[in-house]
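Visitor: File name query.cif; file contents mmCIF, C-alpha atoms; full text below.
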```cif
data_work
loop_
_atom_site.label_atom_id
_atom_site.label_comp_id
_atom_site.auth_asym_id
_atom_site.auth_seq_id
_atom_site.Cartn_x
_atom_site.Cartn_y
_atom_site.Cartn_z
CA MET A 847 -46.47 6.02 12.53
CA SER A 848 -46.90 3.08 14.90
CA ALA A 849 -43.23 2.11 14.40
CA PHE A 850 -42.24 5.63 15.49
CA VAL A 851 -44.41 5.45 18.61
CA VAL A 852 -43.09 1.99 19.54
CA GLY A 853 -39.51 3.16 18.98
CA LEU A 854 -40.14 6.21 21.14
CA LEU A 855 -41.75 4.20 23.94
CA THR A 856 -39.06 1.52 23.96
CA GLY A 857 -36.42 4.26 23.98
CA VAL A 858 -38.02 5.90 27.02
CA LEU A 859 -38.30 2.52 28.77
CA SER A 860 -34.65 1.79 27.99
CA GLY A 861 -33.69 5.11 29.54
CA CYS A 862 -35.58 4.07 32.67
CA GLY A 863 -33.68 0.77 32.76
CA ILE A 864 -36.70 -1.39 31.97
CA GLY A 865 -35.30 -3.21 28.93
CA GLY A 866 -36.86 -1.46 25.97
CA GLY A 867 -34.66 -3.42 23.59
CA SER A 868 -36.30 -6.66 24.66
CA LEU A 869 -39.71 -5.09 24.19
CA LEU A 870 -38.68 -3.85 20.75
CA LEU A 871 -37.56 -7.35 19.81
CA LEU A 872 -40.90 -8.78 20.89
CA TRP A 873 -42.80 -6.14 18.93
CA LEU A 874 -40.74 -6.72 15.79
CA THR A 875 -41.16 -10.49 15.85
CA LEU A 876 -44.72 -10.85 17.16
CA VAL A 877 -46.53 -7.79 15.79
CA GLN A 878 -44.49 -6.99 12.68
CA ASP A 879 -43.87 -10.71 11.91
CA MET A 880 -40.22 -9.95 11.25
CA PRO A 881 -37.73 -12.84 11.10
CA GLN A 882 -35.85 -13.36 14.39
CA PHE A 883 -32.45 -12.80 12.80
CA THR A 884 -33.50 -9.46 11.23
CA ALA A 885 -35.18 -8.30 14.45
CA GLY A 886 -32.02 -9.17 16.39
CA GLY A 887 -29.93 -7.05 14.01
CA ILE A 888 -32.29 -4.10 14.38
CA ASN A 889 -32.17 -4.56 18.15
CA LEU A 890 -28.36 -4.39 18.04
CA LEU A 891 -28.50 -1.15 16.03
CA TYR A 892 -31.03 0.19 18.54
CA PHE A 893 -28.63 -0.67 21.36
CA LEU A 894 -25.78 1.15 19.61
CA ALA A 895 -27.93 4.28 19.56
CA CYS A 896 -28.89 3.99 23.26
CA ALA A 897 -25.59 2.79 24.73
CA PRO A 898 -23.58 6.05 24.51
CA ALA A 899 -26.14 7.99 26.56
CA ALA A 900 -26.25 5.24 29.18
CA LEU A 901 -22.45 5.07 29.30
CA VAL A 902 -22.13 8.82 29.83
CA SER A 903 -24.72 8.73 32.61
CA HIS A 904 -23.05 5.79 34.34
CA LEU A 905 -19.60 7.39 34.10
CA LYS A 906 -20.95 10.66 35.47
CA ASN A 907 -22.51 8.88 38.44
CA HIS A 908 -19.42 6.72 39.10
CA LEU A 909 -21.35 3.49 38.56
CA ILE A 910 -18.72 1.70 36.49
CA ASP A 911 -16.13 -0.60 38.03
CA ARG A 912 -13.19 -0.18 35.66
CA GLY A 913 -11.59 -3.43 36.83
CA ALA A 914 -14.72 -5.34 35.89
CA VAL A 915 -14.77 -3.60 32.50
CA LYS A 916 -11.22 -4.80 31.75
CA PHE A 917 -12.34 -8.36 32.44
CA CYS A 918 -15.87 -8.33 31.02
CA VAL A 919 -15.34 -6.57 27.68
CA PRO A 920 -12.92 -9.06 26.10
CA PHE A 921 -14.73 -12.13 27.40
CA GLY A 922 -18.12 -10.63 26.53
CA ALA A 923 -16.97 -9.97 22.96
CA ILE A 924 -15.70 -13.53 22.57
CA THR A 925 -18.82 -15.16 24.01
CA SER A 926 -21.06 -12.86 21.93
CA LEU A 927 -19.35 -14.03 18.75
CA LEU A 928 -19.63 -17.68 19.77
CA ALA A 929 -23.30 -17.25 20.73
CA SER A 930 -24.10 -15.54 17.42
CA PHE A 931 -22.62 -18.47 15.50
CA ALA A 932 -24.61 -20.89 17.67
CA ALA A 933 -27.81 -18.87 17.16
CA ALA A 934 -27.30 -18.77 13.39
CA GLY A 935 -27.33 -22.58 13.36
CA THR A 936 -30.34 -22.93 15.68
CA ASP A 937 -33.99 -23.23 14.61
CA THR A 938 -35.78 -19.87 14.89
CA SER A 939 -38.79 -21.30 16.71
CA LEU A 940 -36.49 -22.74 19.38
CA LEU A 941 -34.73 -19.36 19.74
CA ARG A 942 -38.11 -17.66 20.22
CA ARG A 943 -39.14 -20.13 22.90
CA LEU A 944 -35.82 -19.85 24.72
CA PHE A 945 -36.04 -16.04 24.62
CA GLY A 946 -39.59 -16.20 25.98
CA VAL A 947 -38.47 -18.46 28.83
CA LEU A 948 -35.62 -16.05 29.60
CA LEU A 949 -38.03 -13.09 29.73
CA LEU A 950 -40.43 -15.00 31.97
CA TYR A 951 -37.60 -15.96 34.32
CA ILE A 952 -36.29 -12.38 34.54
CA GLY A 953 -39.81 -11.02 35.04
CA ALA A 954 -40.59 -13.53 37.80
CA LYS A 955 -37.28 -12.82 39.50
CA GLU A 956 -37.94 -9.07 39.45
CA LEU A 957 -41.51 -9.54 40.60
CA PHE A 958 -40.65 -11.78 43.53
CA THR A 959 -37.37 -10.20 44.68
CA LYS A 960 -37.88 -9.14 48.27
CA ARG A 961 -36.81 -5.67 49.27
CA LYS A 962 -35.08 -5.19 52.60
CA ASN A 963 -36.64 -1.77 53.19
CA PRO A 964 -40.07 -0.95 51.77
CA GLY A 965 -39.90 1.78 49.18
CA THR A 966 -36.35 0.96 48.08
CA ALA A 967 -35.17 -0.85 45.00
CA PRO A 968 -33.60 -4.30 45.36
CA LYS A 969 -29.80 -4.38 45.32
CA PRO A 970 -28.37 -5.21 41.91
CA SER A 971 -26.72 -8.60 41.62
CA SER A 972 -23.90 -7.27 39.45
CA SER A 973 -20.61 -6.02 40.81
CA ASN A 974 -20.47 -2.83 38.74
CA ARG A 975 -22.39 -0.70 41.23
CA VAL A 976 -20.20 1.61 43.26
CA THR A 977 -21.23 1.61 46.89
CA ARG A 978 -19.76 3.13 50.03
CA GLU A 979 -18.29 -0.26 50.95
CA ASN A 980 -16.18 -0.62 47.80
CA HIS A 981 -15.50 3.08 47.33
CA GLY A 982 -13.27 3.40 50.37
CA GLY A 983 -16.03 4.38 52.79
CA SER A 984 -16.70 7.75 51.20
CA PRO A 985 -19.73 8.55 49.06
CA PRO A 986 -19.23 8.88 45.29
CA ARG A 987 -18.19 12.32 44.07
CA ASN A 988 -20.71 14.51 42.29
CA PRO A 989 -18.99 16.64 39.65
#
```
Can you present the structure in this file as structure tokens?
Guide:
Amino acid sequence: MSAFVVGLLTGVLSGCGIGGGSLLLLWLTLVQDMPQFTAGGINLLYFLACAPAALVSHLKNHLIDRGAVKFCVPFGAITSLLASFAAAGTDTSLLRRLFGVLLLYIGAKELFTKRKNPGTAPKPSSSNRVTRENHGGSPPRNP
């Protein structure tokens, strides 16, 4: 039952853009004492279940830069394969520490990012967000 509740909560958090997959990975390795490699595989399956809904939402809201997709997908696939081979040959305890450092860095960056206007979210650092500036001056269409 607790696995169902954790899966549900991490799914809701993923839908909110909080990074439920990372939380699921932490729960699997720290609470369930699952090996890092197995937890990573489950996390990938989890992502495959969540990704289509996110993709549909982002397409609907015109938040995908198709030019960036053409560049990022092939290079992302290649680097993912290379990183998986590197991770398979790396000590699990080192991978856990590196992942923890990454989460701390991301958390600190999010916590200390200054907002220009109070009550607004910080601007994303990625280039895949469609704004009025790169959309020809007109607001995105709402279908």
Visitor: For Ser926 in chain A, which residue among A:Leu890, A:Leu901, A:Arg961, A:Phe945 is the nearest when counting all atoms listed in the file?
Guide: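 Answer, going by the shortest atom-to-atom distance: A:Leu890.
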Visitor: Skip range 878-883 of chain A itself and residues of its chain fewer than 6 positions away, then list as a list of chain:residue names all residues within 8 Å of it, counting only C-alpha atoms.
Guide: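 Selected residues are A:Ala934, A:Thr938, A:Arg942.
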Visitor: Would you mind reading off the distance between CA of Gly887 in chain A and CA of Val852 in chain A, one decimal, in Å?
Guide: 16.9 Å
Visitor: A:Ser868, A:Asp911, A:Leu874, A:Leu891: which is nearest Leu948 in chain A, counting only C-alpha atoms?
Guide: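 Nearest to Leu948 in chain A: A:Ser868.
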Visitor: So what do you get for CA of Ile924 in chain A versus CA of Leu871 in chain A, distance-wise?
Guide: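 Atom-to-atom, CA of Ile924 in chain A and CA of Leu871 in chain A are spaced 22.9 Å apart.
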Visitor: Hey, can you check how far CA of Val919 in chain A sits from CA of Ile864 in chain A?
Guide: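 We find that CA of Val919 in chain A and CA of Ile864 in chain A lie 22.4 Å from each other.
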Visitor: From the coordinates supplied, range 926-941 of chain A should be written with all heavy atoms, as a CSV table (one decimal), in the first residue's frame.
Guide:
```csv
chain,number,residue,atom,x,y,z
A,926,SER,N,23.2,9.9,-23.4
A,926,SER,CA,22.5,9.1,-22.4
A,926,SER,C,23.1,7.7,-22.5
A,926,SER,O,23.4,7.0,-21.4
A,926,SER,CB,21.0,9.0,-22.7
A,926,SER,OG,20.4,10.2,-22.4
A,927,LEU,N,23.4,7.2,-23.7
A,927,LEU,CA,24.0,5.9,-23.8
A,927,LEU,C,25.4,5.9,-23.2
A,927,LEU,O,25.8,4.9,-22.5
A,927,LEU,CB,24.0,5.5,-25.3
A,927,LEU,CG,22.7,5.0,-25.9
A,927,LEU,CD1,22.9,4.8,-27.4
A,927,LEU,CD2,22.3,3.7,-25.3
A,928,LEU,N,26.2,6.9,-23.5
A,928,LEU,CA,27.5,7.0,-23.0
A,928,LEU,C,27.5,7.0,-21.5
A,928,LEU,O,28.3,6.4,-20.8
A,928,LEU,CB,28.3,8.1,-23.6
A,928,LEU,CG,28.6,8.1,-25.1
A,928,LEU,CD1,29.2,9.4,-25.6
A,928,LEU,CD2,29.5,6.9,-25.4
A,929,ALA,N,26.6,7.8,-20.9
A,929,ALA,CA,26.5,8.0,-19.5
A,929,ALA,C,26.1,6.7,-18.8
A,929,ALA,O,26.5,6.4,-17.7
A,929,ALA,CB,25.6,9.1,-19.1
A,930,SER,N,25.2,5.9,-19.4
A,930,SER,CA,24.7,4.7,-18.8
A,930,SER,C,25.9,3.7,-18.8
A,930,SER,O,26.0,2.9,-17.8
A,930,SER,CB,23.6,4.1,-19.6
A,930,SER,OG,24.0,3.7,-20.9
A,931,PHE,N,26.7,3.7,-19.8
A,931,PHE,CA,27.9,2.8,-19.8
A,931,PHE,C,28.9,3.2,-18.7
A,931,PHE,O,29.5,2.4,-18.0
A,931,PHE,CB,28.6,2.7,-21.1
A,931,PHE,CG,27.8,2.0,-22.2
A,931,PHE,CD1,27.6,2.6,-23.4
A,931,PHE,CD2,27.3,0.7,-22.0
A,931,PHE,CE1,26.8,2.0,-24.4
A,931,PHE,CE2,26.6,0.1,-23.0
A,931,PHE,CZ,26.3,0.7,-24.2
A,932,ALA,N,29.1,4.5,-18.5
A,932,ALA,CA,30.0,5.0,-17.5
A,932,ALA,C,29.4,4.7,-16.1
A,932,ALA,O,30.1,4.3,-15.2
A,932,ALA,CB,30.1,6.5,-17.7
A,933,ALA,N,28.1,4.8,-15.9
A,933,ALA,CA,27.5,4.6,-14.6
A,933,ALA,C,27.5,3.1,-14.3
A,933,ALA,O,27.7,2.7,-13.1
A,933,ALA,CB,26.0,5.0,-14.6
A,934,ALA,N,27.4,2.2,-15.3
A,934,ALA,CA,27.5,0.8,-15.1
A,934,ALA,C,28.9,0.4,-14.5
A,934,ALA,O,29.0,-0.6,-13.8
A,934,ALA,CB,27.2,0.0,-16.3
A,935,GLY,N,29.9,1.1,-14.9
A,935,GLY,CA,31.2,0.8,-14.4
A,935,GLY,C,31.7,1.6,-13.2
A,935,GLY,O,32.8,1.6,-12.9
A,936,THR,N,30.8,2.4,-12.6
A,936,THR,CA,31.1,3.2,-11.5
A,936,THR,C,30.5,2.6,-10.2
A,936,THR,O,29.4,2.0,-10.2
A,936,THR,CB,30.5,4.6,-11.7
A,936,THR,OG1,31.0,5.1,-12.9
A,936,THR,CG2,30.9,5.6,-10.6
A,937,ASP,N,31.3,2.8,-9.1
A,937,ASP,CA,30.8,2.3,-7.8
A,937,ASP,C,29.5,2.9,-7.4
A,937,ASP,O,29.3,4.1,-7.5
A,937,ASP,CB,31.9,2.6,-6.7
A,937,ASP,CG,31.5,2.1,-5.4
A,937,ASP,OD1,31.0,1.0,-5.3
A,937,ASP,OD2,31.8,2.8,-4.4
A,938,THR,N,28.6,2.1,-6.9
A,938,THR,CA,27.2,2.5,-6.6
A,938,THR,C,27.2,3.6,-5.5
A,938,THR,O,26.5,4.6,-5.5
A,938,THR,CB,26.3,1.3,-6.1
A,938,THR,OG1,26.3,0.4,-7.1
A,938,THR,CG2,24.9,1.8,-5.8
A,939,SER,N,28.1,3.5,-4.5
A,939,SER,CA,28.1,4.5,-3.4
A,939,SER,C,28.6,5.8,-3.9
A,939,SER,O,28.1,6.8,-3.5
A,939,SER,CB,29.0,4.0,-2.3
A,939,SER,OG,30.4,3.9,-2.7
A,940,LEU,N,29.5,5.8,-4.9
A,940,LEU,CA,29.9,7.1,-5.5
A,940,LEU,C,28.7,7.7,-6.3
A,940,LEU,O,28.5,8.9,-6.3
A,940,LEU,CB,31.1,6.9,-6.4
A,940,LEU,CG,31.6,8.1,-7.2
A,940,LEU,CD1,32.0,9.2,-6.3
A,940,LEU,CD2,32.7,7.7,-8.2
A,941,LEU,N,28.0,6.8,-7.1
A,941,LEU,CA,26.8,7.3,-7.8
A,941,LEU,C,25.8,8.0,-6.9
A,941,LEU,O,25.2,9.0,-7.2
A,941,LEU,CB,26.2,6.2,-8.6
A,941,LEU,CG,26.9,5.7,-9.8
A,941,LEU,CD1,26.2,4.6,-10.5
A,941,LEU,CD2,27.0,6.9,-10.9
```
